[in-house]
Structures are given as C-alpha cells and as structure tokens.
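What follows is the content of start_32.cif (mmCIF, N, CA and C atoms).
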```cif
data_entry
#
loop_
_atom_site.label_atom_id
_atom_site.label_comp_id
_atom_site.auth_asym_id
_atom_site.auth_seq_id
_atom_site.Cartn_x
_atom_site.Cartn_y
_atom_site.Cartn_z
N MET A 1 0.85 -1.17 0.00
CA MET A 1 0.00 0.00 0.00
C MET A 1 0.90 1.24 0.00
N LYS A 2 0.45 2.27 -0.71
CA LYS A 2 1.23 3.51 -0.81
C LYS A 2 1.33 4.20 0.56
N GLN A 3 2.44 4.86 0.78
CA GLN A 3 2.64 5.58 2.03
C GLN A 3 1.57 6.65 2.25
N LEU A 4 1.24 7.40 1.20
CA LEU A 4 0.23 8.45 1.36
C LEU A 4 -1.15 7.86 1.66
N THR A 5 -1.44 6.71 1.10
CA THR A 5 -2.70 6.02 1.42
C THR A 5 -2.75 5.70 2.91
N LEU A 6 -1.65 5.19 3.43
CA LEU A 6 -1.57 4.86 4.86
C LEU A 6 -1.75 6.10 5.73
N GLU A 7 -1.22 7.22 5.27
CA GLU A 7 -1.37 8.46 6.02
C GLU A 7 -2.83 8.93 6.04
N TRP A 8 -3.52 8.80 4.89
CA TRP A 8 -4.95 9.14 4.85
C TRP A 8 -5.73 8.24 5.80
N ILE A 9 -5.40 6.95 5.81
CA ILE A 9 -6.08 6.00 6.69
C ILE A 9 -5.85 6.36 8.15
N ASP A 10 -4.62 6.72 8.48
CA ASP A 10 -4.29 7.10 9.85
C ASP A 10 -5.10 8.33 10.27
N LYS A 11 -5.20 9.31 9.40
CA LYS A 11 -6.00 10.51 9.70
C LYS A 11 -7.48 10.15 9.84
N ALA A 12 -7.98 9.28 8.97
CA ALA A 12 -9.38 8.85 9.03
C ALA A 12 -9.67 8.14 10.35
N GLU A 13 -8.76 7.29 10.77
CA GLU A 13 -8.95 6.57 12.03
C GLU A 13 -8.95 7.54 13.22
N GLY A 14 -8.12 8.57 13.16
CA GLY A 14 -8.13 9.58 14.21
C GLY A 14 -9.49 10.23 14.32
N ASP A 15 -10.09 10.54 13.18
CA ASP A 15 -11.44 11.13 13.18
C ASP A 15 -12.48 10.13 13.69
N TRP A 16 -12.32 8.87 13.31
CA TRP A 16 -13.26 7.84 13.75
C TRP A 16 -13.27 7.73 15.28
N PHE A 17 -12.09 7.66 15.87
CA PHE A 17 -12.00 7.53 17.32
C PHE A 17 -12.45 8.82 18.03
N ALA A 18 -12.13 9.97 17.45
CA ALA A 18 -12.58 11.24 18.03
C ALA A 18 -14.11 11.32 18.02
N ALA A 19 -14.73 10.92 16.93
CA ALA A 19 -16.20 10.95 16.83
C ALA A 19 -16.83 10.10 17.93
N GLN A 20 -16.29 8.91 18.12
CA GLN A 20 -16.84 8.01 19.15
C GLN A 20 -16.65 8.58 20.55
N GLN A 21 -15.49 9.13 20.82
CA GLN A 21 -15.23 9.70 22.15
C GLN A 21 -16.15 10.89 22.43
N LEU A 22 -16.30 11.76 21.44
CA LEU A 22 -17.13 12.94 21.63
C LEU A 22 -18.60 12.57 21.80
N TYR A 23 -19.04 11.53 21.13
CA TYR A 23 -20.42 11.07 21.23
C TYR A 23 -20.67 10.39 22.58
N ARG A 24 -19.72 9.59 23.03
CA ARG A 24 -19.90 8.78 24.24
C ARG A 24 -19.51 9.47 25.54
N ALA A 25 -18.97 10.66 25.46
CA ALA A 25 -18.51 11.34 26.68
C ALA A 25 -19.64 11.44 27.69
N ARG A 26 -19.36 11.03 28.91
CA ARG A 26 -20.38 11.10 29.97
C ARG A 26 -20.62 12.54 30.40
N LYS A 27 -19.53 13.28 30.50
CA LYS A 27 -19.65 14.70 30.83
C LYS A 27 -19.34 15.48 29.56
N HIS A 28 -20.21 16.36 29.23
CA HIS A 28 -20.01 17.26 28.09
C HIS A 28 -19.84 16.56 26.74
N PRO A 29 -20.77 15.69 26.35
CA PRO A 29 -20.68 15.15 25.00
C PRO A 29 -20.82 16.29 24.00
N ASN A 30 -20.17 16.16 22.88
CA ASN A 30 -20.21 17.21 21.86
C ASN A 30 -20.71 16.59 20.56
N TYR A 31 -22.02 16.64 20.37
CA TYR A 31 -22.63 15.98 19.22
C TYR A 31 -22.28 16.67 17.91
N ASP A 32 -22.14 18.01 17.93
CA ASP A 32 -21.71 18.72 16.72
C ASP A 32 -20.35 18.22 16.26
N ALA A 33 -19.41 18.17 17.19
CA ALA A 33 -18.05 17.74 16.85
C ALA A 33 -18.02 16.26 16.47
N ALA A 34 -18.81 15.45 17.13
CA ALA A 34 -18.86 14.02 16.78
C ALA A 34 -19.33 13.86 15.33
N CYS A 35 -20.36 14.60 14.96
CA CYS A 35 -20.87 14.53 13.57
C CYS A 35 -19.83 15.04 12.59
N PHE A 36 -19.16 16.13 12.93
CA PHE A 36 -18.11 16.65 12.06
C PHE A 36 -17.03 15.60 11.82
N HIS A 37 -16.61 14.93 12.86
CA HIS A 37 -15.54 13.94 12.71
C HIS A 37 -15.99 12.71 11.92
N THR A 38 -17.29 12.38 11.95
CA THR A 38 -17.75 11.28 11.10
C THR A 38 -17.64 11.67 9.63
N GLN A 39 -17.99 12.91 9.32
CA GLN A 39 -17.86 13.39 7.94
C GLN A 39 -16.40 13.37 7.52
N GLN A 40 -15.53 13.84 8.41
CA GLN A 40 -14.10 13.88 8.11
C GLN A 40 -13.53 12.48 7.91
N CYS A 41 -13.98 11.53 8.71
CA CYS A 41 -13.53 10.15 8.57
C CYS A 41 -13.90 9.60 7.20
N ALA A 42 -15.16 9.78 6.81
CA ALA A 42 -15.60 9.29 5.50
C ALA A 42 -14.82 9.96 4.38
N GLU A 43 -14.62 11.26 4.50
CA GLU A 43 -13.87 12.00 3.48
C GLU A 43 -12.45 11.45 3.33
N LYS A 44 -11.78 11.25 4.43
CA LYS A 44 -10.39 10.80 4.38
C LYS A 44 -10.28 9.35 3.89
N TYR A 45 -11.27 8.52 4.22
CA TYR A 45 -11.25 7.16 3.68
C TYR A 45 -11.48 7.16 2.16
N LEU A 46 -12.35 8.02 1.67
CA LEU A 46 -12.52 8.13 0.22
C LEU A 46 -11.22 8.59 -0.43
N LYS A 47 -10.57 9.56 0.18
CA LYS A 47 -9.30 10.06 -0.36
C LYS A 47 -8.22 8.98 -0.31
N ALA A 48 -8.25 8.15 0.72
CA ALA A 48 -7.29 7.03 0.79
C ALA A 48 -7.49 6.09 -0.39
N ARG A 49 -8.74 5.76 -0.69
CA ARG A 49 -9.02 4.84 -1.81
C ARG A 49 -8.64 5.47 -3.14
N LEU A 50 -8.93 6.75 -3.28
CA LEU A 50 -8.55 7.45 -4.52
C LEU A 50 -7.03 7.49 -4.67
N GLU A 51 -6.34 7.78 -3.60
CA GLU A 51 -4.87 7.81 -3.63
C GLU A 51 -4.31 6.45 -4.02
N GLU A 52 -4.83 5.41 -3.41
CA GLU A 52 -4.34 4.06 -3.71
C GLU A 52 -4.58 3.68 -5.17
N ALA A 53 -5.69 4.16 -5.73
CA ALA A 53 -6.01 3.86 -7.14
C ALA A 53 -5.32 4.79 -8.12
N GLY A 54 -4.67 5.84 -7.61
CA GLY A 54 -4.00 6.79 -8.51
C GLY A 54 -4.96 7.75 -9.18
N VAL A 55 -6.12 7.98 -8.58
CA VAL A 55 -7.11 8.90 -9.12
C VAL A 55 -6.89 10.27 -8.48
N ALA A 56 -6.64 11.27 -9.30
CA ALA A 56 -6.39 12.62 -8.79
C ALA A 56 -7.67 13.24 -8.23
N PHE A 57 -7.51 14.00 -7.16
CA PHE A 57 -8.64 14.71 -6.57
C PHE A 57 -8.14 16.03 -6.02
N SER A 58 -9.05 17.00 -5.97
CA SER A 58 -8.70 18.32 -5.47
C SER A 58 -8.98 18.40 -3.97
N LYS A 59 -8.57 19.50 -3.36
CA LYS A 59 -8.89 19.72 -1.95
C LYS A 59 -10.37 20.06 -1.88
N THR A 60 -11.14 19.15 -1.32
CA THR A 60 -12.58 19.34 -1.20
C THR A 60 -13.10 18.57 -0.01
N HIS A 61 -14.21 19.03 0.54
CA HIS A 61 -14.89 18.32 1.61
C HIS A 61 -16.19 17.70 1.09
N ASN A 62 -16.42 17.80 -0.21
CA ASN A 62 -17.66 17.35 -0.82
C ASN A 62 -17.64 15.83 -1.01
N LEU A 63 -18.35 15.12 -0.14
CA LEU A 63 -18.36 13.66 -0.20
C LEU A 63 -19.00 13.14 -1.48
N THR A 64 -20.00 13.83 -1.97
CA THR A 64 -20.65 13.40 -3.21
C THR A 64 -19.67 13.45 -4.37
N HIS A 65 -18.90 14.52 -4.45
CA HIS A 65 -17.89 14.64 -5.51
C HIS A 65 -16.83 13.55 -5.37
N LEU A 66 -16.34 13.35 -4.15
CA LEU A 66 -15.32 12.33 -3.93
C LEU A 66 -15.85 10.93 -4.24
N LEU A 67 -17.09 10.66 -3.87
CA LEU A 67 -17.69 9.36 -4.19
C LEU A 67 -17.81 9.19 -5.69
N THR A 68 -18.21 10.23 -6.39
CA THR A 68 -18.31 10.15 -7.86
C THR A 68 -16.97 9.77 -8.47
N LEU A 69 -15.90 10.37 -8.00
CA LEU A 69 -14.56 10.02 -8.47
C LEU A 69 -14.23 8.56 -8.15
N THR A 70 -14.59 8.15 -6.96
CA THR A 70 -14.28 6.79 -6.51
C THR A 70 -15.04 5.74 -7.30
N LEU A 71 -16.21 6.09 -7.81
CA LEU A 71 -17.01 5.13 -8.57
C LEU A 71 -16.30 4.65 -9.83
N GLN A 72 -15.29 5.38 -10.29
CA GLN A 72 -14.49 4.95 -11.43
C GLN A 72 -13.78 3.63 -11.13
N VAL A 73 -13.38 3.44 -9.88
CA VAL A 73 -12.65 2.23 -9.50
C VAL A 73 -13.46 1.29 -8.62
N GLU A 74 -14.50 1.80 -8.01
CA GLU A 74 -15.36 0.99 -7.14
C GLU A 74 -16.83 1.28 -7.46
N PRO A 75 -17.31 0.85 -8.63
CA PRO A 75 -18.68 1.19 -9.04
C PRO A 75 -19.77 0.70 -8.07
N GLN A 76 -19.50 -0.38 -7.35
CA GLN A 76 -20.49 -0.90 -6.41
C GLN A 76 -20.70 0.02 -5.21
N TRP A 77 -19.79 0.97 -5.03
CA TRP A 77 -19.92 1.90 -3.91
C TRP A 77 -21.04 2.91 -4.11
N ILE A 78 -21.74 2.83 -5.21
CA ILE A 78 -22.92 3.68 -5.39
C ILE A 78 -23.90 3.43 -4.23
N ALA A 79 -23.81 2.24 -3.65
CA ALA A 79 -24.66 1.90 -2.50
C ALA A 79 -24.36 2.78 -1.28
N LEU A 80 -23.20 3.46 -1.27
CA LEU A 80 -22.84 4.34 -0.16
C LEU A 80 -23.42 5.75 -0.30
N GLN A 81 -24.10 6.01 -1.41
CA GLN A 81 -24.63 7.35 -1.65
C GLN A 81 -25.51 7.88 -0.51
N PRO A 82 -26.43 7.08 0.04
CA PRO A 82 -27.25 7.61 1.13
C PRO A 82 -26.42 8.05 2.35
N GLN A 83 -25.43 7.25 2.71
CA GLN A 83 -24.58 7.61 3.84
C GLN A 83 -23.77 8.87 3.55
N MET A 84 -23.24 8.97 2.34
CA MET A 84 -22.45 10.14 1.97
C MET A 84 -23.31 11.41 1.99
N ASN A 85 -24.54 11.29 1.49
CA ASN A 85 -25.45 12.44 1.52
C ASN A 85 -25.74 12.87 2.95
N ALA A 86 -25.98 11.89 3.82
CA ALA A 86 -26.29 12.20 5.21
C ALA A 86 -25.11 12.82 5.93
N LEU A 87 -23.91 12.31 5.70
CA LEU A 87 -22.72 12.81 6.38
C LEU A 87 -22.26 14.16 5.85
N SER A 88 -22.57 14.45 4.61
CA SER A 88 -22.11 15.70 3.98
C SER A 88 -22.55 16.95 4.73
N ILE A 89 -23.72 16.92 5.30
CA ILE A 89 -24.22 18.13 5.97
C ILE A 89 -23.38 18.51 7.19
N PHE A 90 -22.60 17.58 7.70
CA PHE A 90 -21.81 17.85 8.90
C PHE A 90 -20.46 18.49 8.60
N ALA A 91 -20.13 18.69 7.34
CA ALA A 91 -18.85 19.30 6.99
C ALA A 91 -18.78 20.75 7.42
N VAL A 92 -19.89 21.47 7.29
CA VAL A 92 -19.86 22.91 7.58
C VAL A 92 -21.03 23.34 8.46
N ASP A 93 -22.23 22.97 8.10
CA ASP A 93 -23.43 23.53 8.72
C ASP A 93 -23.44 23.50 10.25
N PHE A 94 -23.01 22.43 10.84
CA PHE A 94 -23.10 22.27 12.28
C PHE A 94 -21.86 22.83 13.00
N ARG A 95 -20.97 23.42 12.25
CA ARG A 95 -19.76 23.98 12.85
C ARG A 95 -19.94 25.44 13.25
N TYR A 96 -21.07 26.02 12.89
CA TYR A 96 -21.32 27.44 13.14
C TYR A 96 -22.64 27.61 13.87
N PRO A 97 -22.83 28.76 14.52
CA PRO A 97 -24.10 29.00 15.21
C PRO A 97 -25.29 28.89 14.25
N GLY A 98 -26.41 28.49 14.82
CA GLY A 98 -27.63 28.40 14.03
C GLY A 98 -28.14 26.98 13.90
N LYS A 99 -27.26 26.01 13.93
CA LYS A 99 -27.65 24.60 13.85
C LYS A 99 -26.84 23.81 14.87
N SER A 100 -27.51 22.84 15.46
CA SER A 100 -26.83 21.96 16.41
C SER A 100 -27.28 20.53 16.18
N ALA A 101 -26.36 19.63 16.35
CA ALA A 101 -26.67 18.21 16.21
C ALA A 101 -27.24 17.67 17.52
N SER A 102 -28.20 16.81 17.40
CA SER A 102 -28.77 16.16 18.58
C SER A 102 -28.04 14.83 18.82
N LYS A 103 -28.35 14.21 19.93
CA LYS A 103 -27.78 12.90 20.22
C LYS A 103 -28.20 11.90 19.14
N LEU A 104 -29.44 12.01 18.69
CA LEU A 104 -29.94 11.13 17.63
C LEU A 104 -29.17 11.37 16.32
N ASP A 105 -28.91 12.64 15.99
CA ASP A 105 -28.11 12.96 14.79
C ASP A 105 -26.73 12.30 14.88
N ALA A 106 -26.11 12.44 16.05
CA ALA A 106 -24.77 11.90 16.23
C ALA A 106 -24.79 10.37 16.16
N ARG A 107 -25.79 9.75 16.76
CA ARG A 107 -25.89 8.29 16.71
C ARG A 107 -26.01 7.80 15.26
N GLN A 108 -26.85 8.48 14.47
CA GLN A 108 -27.00 8.09 13.07
C GLN A 108 -25.73 8.35 12.28
N ALA A 109 -25.05 9.46 12.56
CA ALA A 109 -23.80 9.78 11.88
C ALA A 109 -22.74 8.71 12.16
N ILE A 110 -22.68 8.25 13.40
CA ILE A 110 -21.74 7.18 13.76
C ILE A 110 -22.08 5.91 12.97
N LYS A 111 -23.35 5.57 12.88
CA LYS A 111 -23.77 4.38 12.13
C LYS A 111 -23.42 4.50 10.65
N ASP A 112 -23.70 5.68 10.07
CA ASP A 112 -23.39 5.90 8.65
C ASP A 112 -21.89 5.81 8.40
N CYS A 113 -21.13 6.43 9.27
CA CYS A 113 -19.68 6.41 9.13
C CYS A 113 -19.14 4.99 9.30
N GLN A 114 -19.70 4.26 10.23
CA GLN A 114 -19.26 2.89 10.47
C GLN A 114 -19.46 2.04 9.21
N ALA A 115 -20.58 2.23 8.53
CA ALA A 115 -20.85 1.47 7.29
C ALA A 115 -19.83 1.84 6.22
N VAL A 116 -19.56 3.12 6.07
CA VAL A 116 -18.58 3.58 5.08
C VAL A 116 -17.20 3.03 5.42
N ARG A 117 -16.82 3.18 6.67
CA ARG A 117 -15.51 2.72 7.14
C ARG A 117 -15.33 1.22 6.89
N ARG A 118 -16.35 0.43 7.21
CA ARG A 118 -16.28 -1.01 7.04
C ARG A 118 -16.02 -1.39 5.58
N ILE A 119 -16.77 -0.79 4.67
CA ILE A 119 -16.63 -1.13 3.26
C ILE A 119 -15.27 -0.71 2.72
N ILE A 120 -14.83 0.49 3.06
CA ILE A 120 -13.57 0.98 2.52
C ILE A 120 -12.40 0.20 3.12
N ARG A 121 -12.41 -0.05 4.43
CA ARG A 121 -11.32 -0.81 5.04
C ARG A 121 -11.25 -2.22 4.45
N THR A 122 -12.41 -2.85 4.24
CA THR A 122 -12.44 -4.19 3.66
C THR A 122 -11.84 -4.17 2.26
N THR A 123 -12.22 -3.19 1.46
CA THR A 123 -11.70 -3.06 0.09
C THR A 123 -10.19 -2.87 0.10
N LEU A 124 -9.69 -2.13 1.08
CA LEU A 124 -8.25 -1.88 1.17
C LEU A 124 -7.49 -3.03 1.84
N GLY A 125 -8.21 -4.09 2.20
CA GLY A 125 -7.57 -5.25 2.81
C GLY A 125 -7.21 -5.05 4.27
N LEU A 126 -7.94 -4.16 4.95
CA LEU A 126 -7.68 -3.88 6.36
C LEU A 126 -8.76 -4.50 7.23
N SER A 127 -8.41 -4.83 8.47
CA SER A 127 -9.39 -5.40 9.38
C SER A 127 -10.40 -4.32 9.77
N VAL A 128 -11.57 -4.75 10.11
CA VAL A 128 -12.62 -3.83 10.51
C VAL A 128 -12.67 -3.81 12.00
#
```
Represent the structure contained in this file as structure tokens.
Amino acid sequence: MKQLTLEWIDKAEGDWFAAQQLYRARKHPNYDAACFHTQQCAEKYLKARLEEAGVAFSKTHNLTHLLTLTLQVEPQWIALQPQMNALSIFAVDFRYPGKSASKLDARQAIKDCQAVRRIIRTTLGLSV
C-alpha cells in the first residue's frame, strides 16, 4: 500500500476515534463535533481509496464529488450514496451557530460512518 494512502487511513482513524469519544462522553458530549468527525472520517477514507487507485482529486470536503470520483474504480460503492449524503451536511453547517446536532443525529452519523468505514477498510484489505 502507498505511504500516502496509509497516512490518509491514519488521519481517518483519528477522526473515527474522536467521533466516538465525543459522542460517548459522559460529561459534556459534543454531538456537533462528533458529527463533524464522522464526515471527516468518510472524506479521508474516500481520499485514501482514490490515492491508492491513482485517481487525482482536489482539496474538497464534498463527499458526493469524492464518491463520484471513486465510482471509477469501485462502481459498487454507489450503494454508499445515502450515507455520503447524510454525512455531507456535517462538513460545515453544524460547525457554526444556528444549527446543532442532537444525540440522535450523532448516533445516526456514527452508524453511517461505520458502514462507510467497514466497506472501505475491507476493500483496502484492512481489518474492521
């Protein structure tokens, strides 16, 4: 596996663990941040797969765009579209005043991210 792919995976895993910690915190859970990190995890895993396949991508947080690029090498990942759409809203909207994620939002974001993470890690030959 390419070194840069491994670095993307490492960053994605950091977001995955941060999301879980922020969601599960007994004191002061941060559902906004948990949701943000699920989006970031999915984004970085998509970038890892693109890097490994040698598919160029720009600096973007748009999961739909990244998934479209990834479909060139993983056409069956079209099944991830619902999760990518759901996670996309957490890239920006919940990071600023005016919107806040609920515990239910964060729980669903964790589930969506977990599904994305499982498929991408399996494809990359990594344990889940």
Practice task
On this file, the PyMOL selection byres ((chain A and resi 56-69) around 8) gives some set of residues; write that set as a PyMOL selection string.
Solution key: chain A and resi 39-40+42-43+46-47+50-51+53-55+70-74+77-78+80-81+84-85+87-89+91
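In this model, the gap between atom C of Asn30 (chain A) and atom N of Thr122 (chain A) comes to 26.7 Å.
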Exercise for the section: Can you check which residues of region 5-90 of chain A DSSP gives as helix (DSSP H, G or I) on the backbone and send them as a PyMOL selection string? Expected result: chain A and resi 5-24+31-53+63-70+75-88
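Our summary of the geometry notes that CA of Ala33 (chain A) is positioned 25.9 Å from CA of Ala79 (chain A).
Pairwise distance (CA of Ser102 (chain A), atom N of Leu22 (chain A)) equals 13.5 Å.
Between Arg49 (chain A) and the candidates A:Ala106, A:Gln83, A:Arg26, A:Trp8, the tightest atom-to-atom separation, counting only C-alpha atoms, involves A:Trp8.
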Fill in the blank from the handout: Counting only C-alpha atoms, closest pick from A:Asp32, A:Ala18, A:Leu6, A:Arg117 relative to Gly98 (chain A) is A:Asp32
Problem - Glu52 (chain A) surroundings by all atoms listed in the file, 6.5 Å radius, close-in-sequence under 4 positions cut, as a PyMOL selection string - result: chain A and resi 2+5+47-48
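The shortest atom-to-atom distance to Tyr96 (chain A), with only C-alpha atoms taken into account, belongs to A:Phe36 out of A:Ile119, A:Phe36, A:Pro82, A:Ala25.
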Spatial sel., origin (-26.2, 16.2, 11.6), limit 6 Å, only C-alpha atoms, listed as a PDB file with N, CA and C atoms, in the frame of the given file:
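This went into out_16.pdb:
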```pdb
ATOM      1  N   CYS A  35     -20.360  14.600  14.960  1.00  0.00           N
ATOM      2  CA  CYS A  35     -20.870  14.530  13.570  1.00  0.00           C
ATOM      3  C   CYS A  35     -19.830  15.040  12.590  1.00  0.00           C
ATOM      4  N   PHE A  90     -22.600  17.580   7.700  1.00  0.00           N
ATOM      5  CA  PHE A  90     -21.810  17.850   8.900  1.00  0.00           C
ATOM      6  C   PHE A  90     -20.460  18.490   8.600  1.00  0.00           C
ATOM      7  N   ALA A 101     -26.360  19.630  16.350  1.00  0.00           N
ATOM      8  CA  ALA A 101     -26.670  18.210  16.210  1.00  0.00           C
ATOM      9  C   ALA A 101     -27.240  17.670  17.520  1.00  0.00           C
ATOM     10  N   ASP A 105     -28.910  12.640  15.990  1.00  0.00           N
ATOM     11  CA  ASP A 105     -28.110  12.960  14.790  1.00  0.00           C
ATOM     12  C   ASP A 105     -26.730  12.300  14.880  1.00  0.00           C
TER      13      ASP A 105
END
```
Handout entry: Among the residues A:Met1, A:Tyr23, A:Cys41, A:Tyr31, the one that comes closest to Arg118 (chain A) [using only C-alpha atoms]
Key = A:Cys41
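When only C-alpha atoms are used to measure the gap to Phe17 (chain A), the shortest distance among A:Val116, A:Gln76, A:Ile110, A:Leu104 belongs to A:Ile110.
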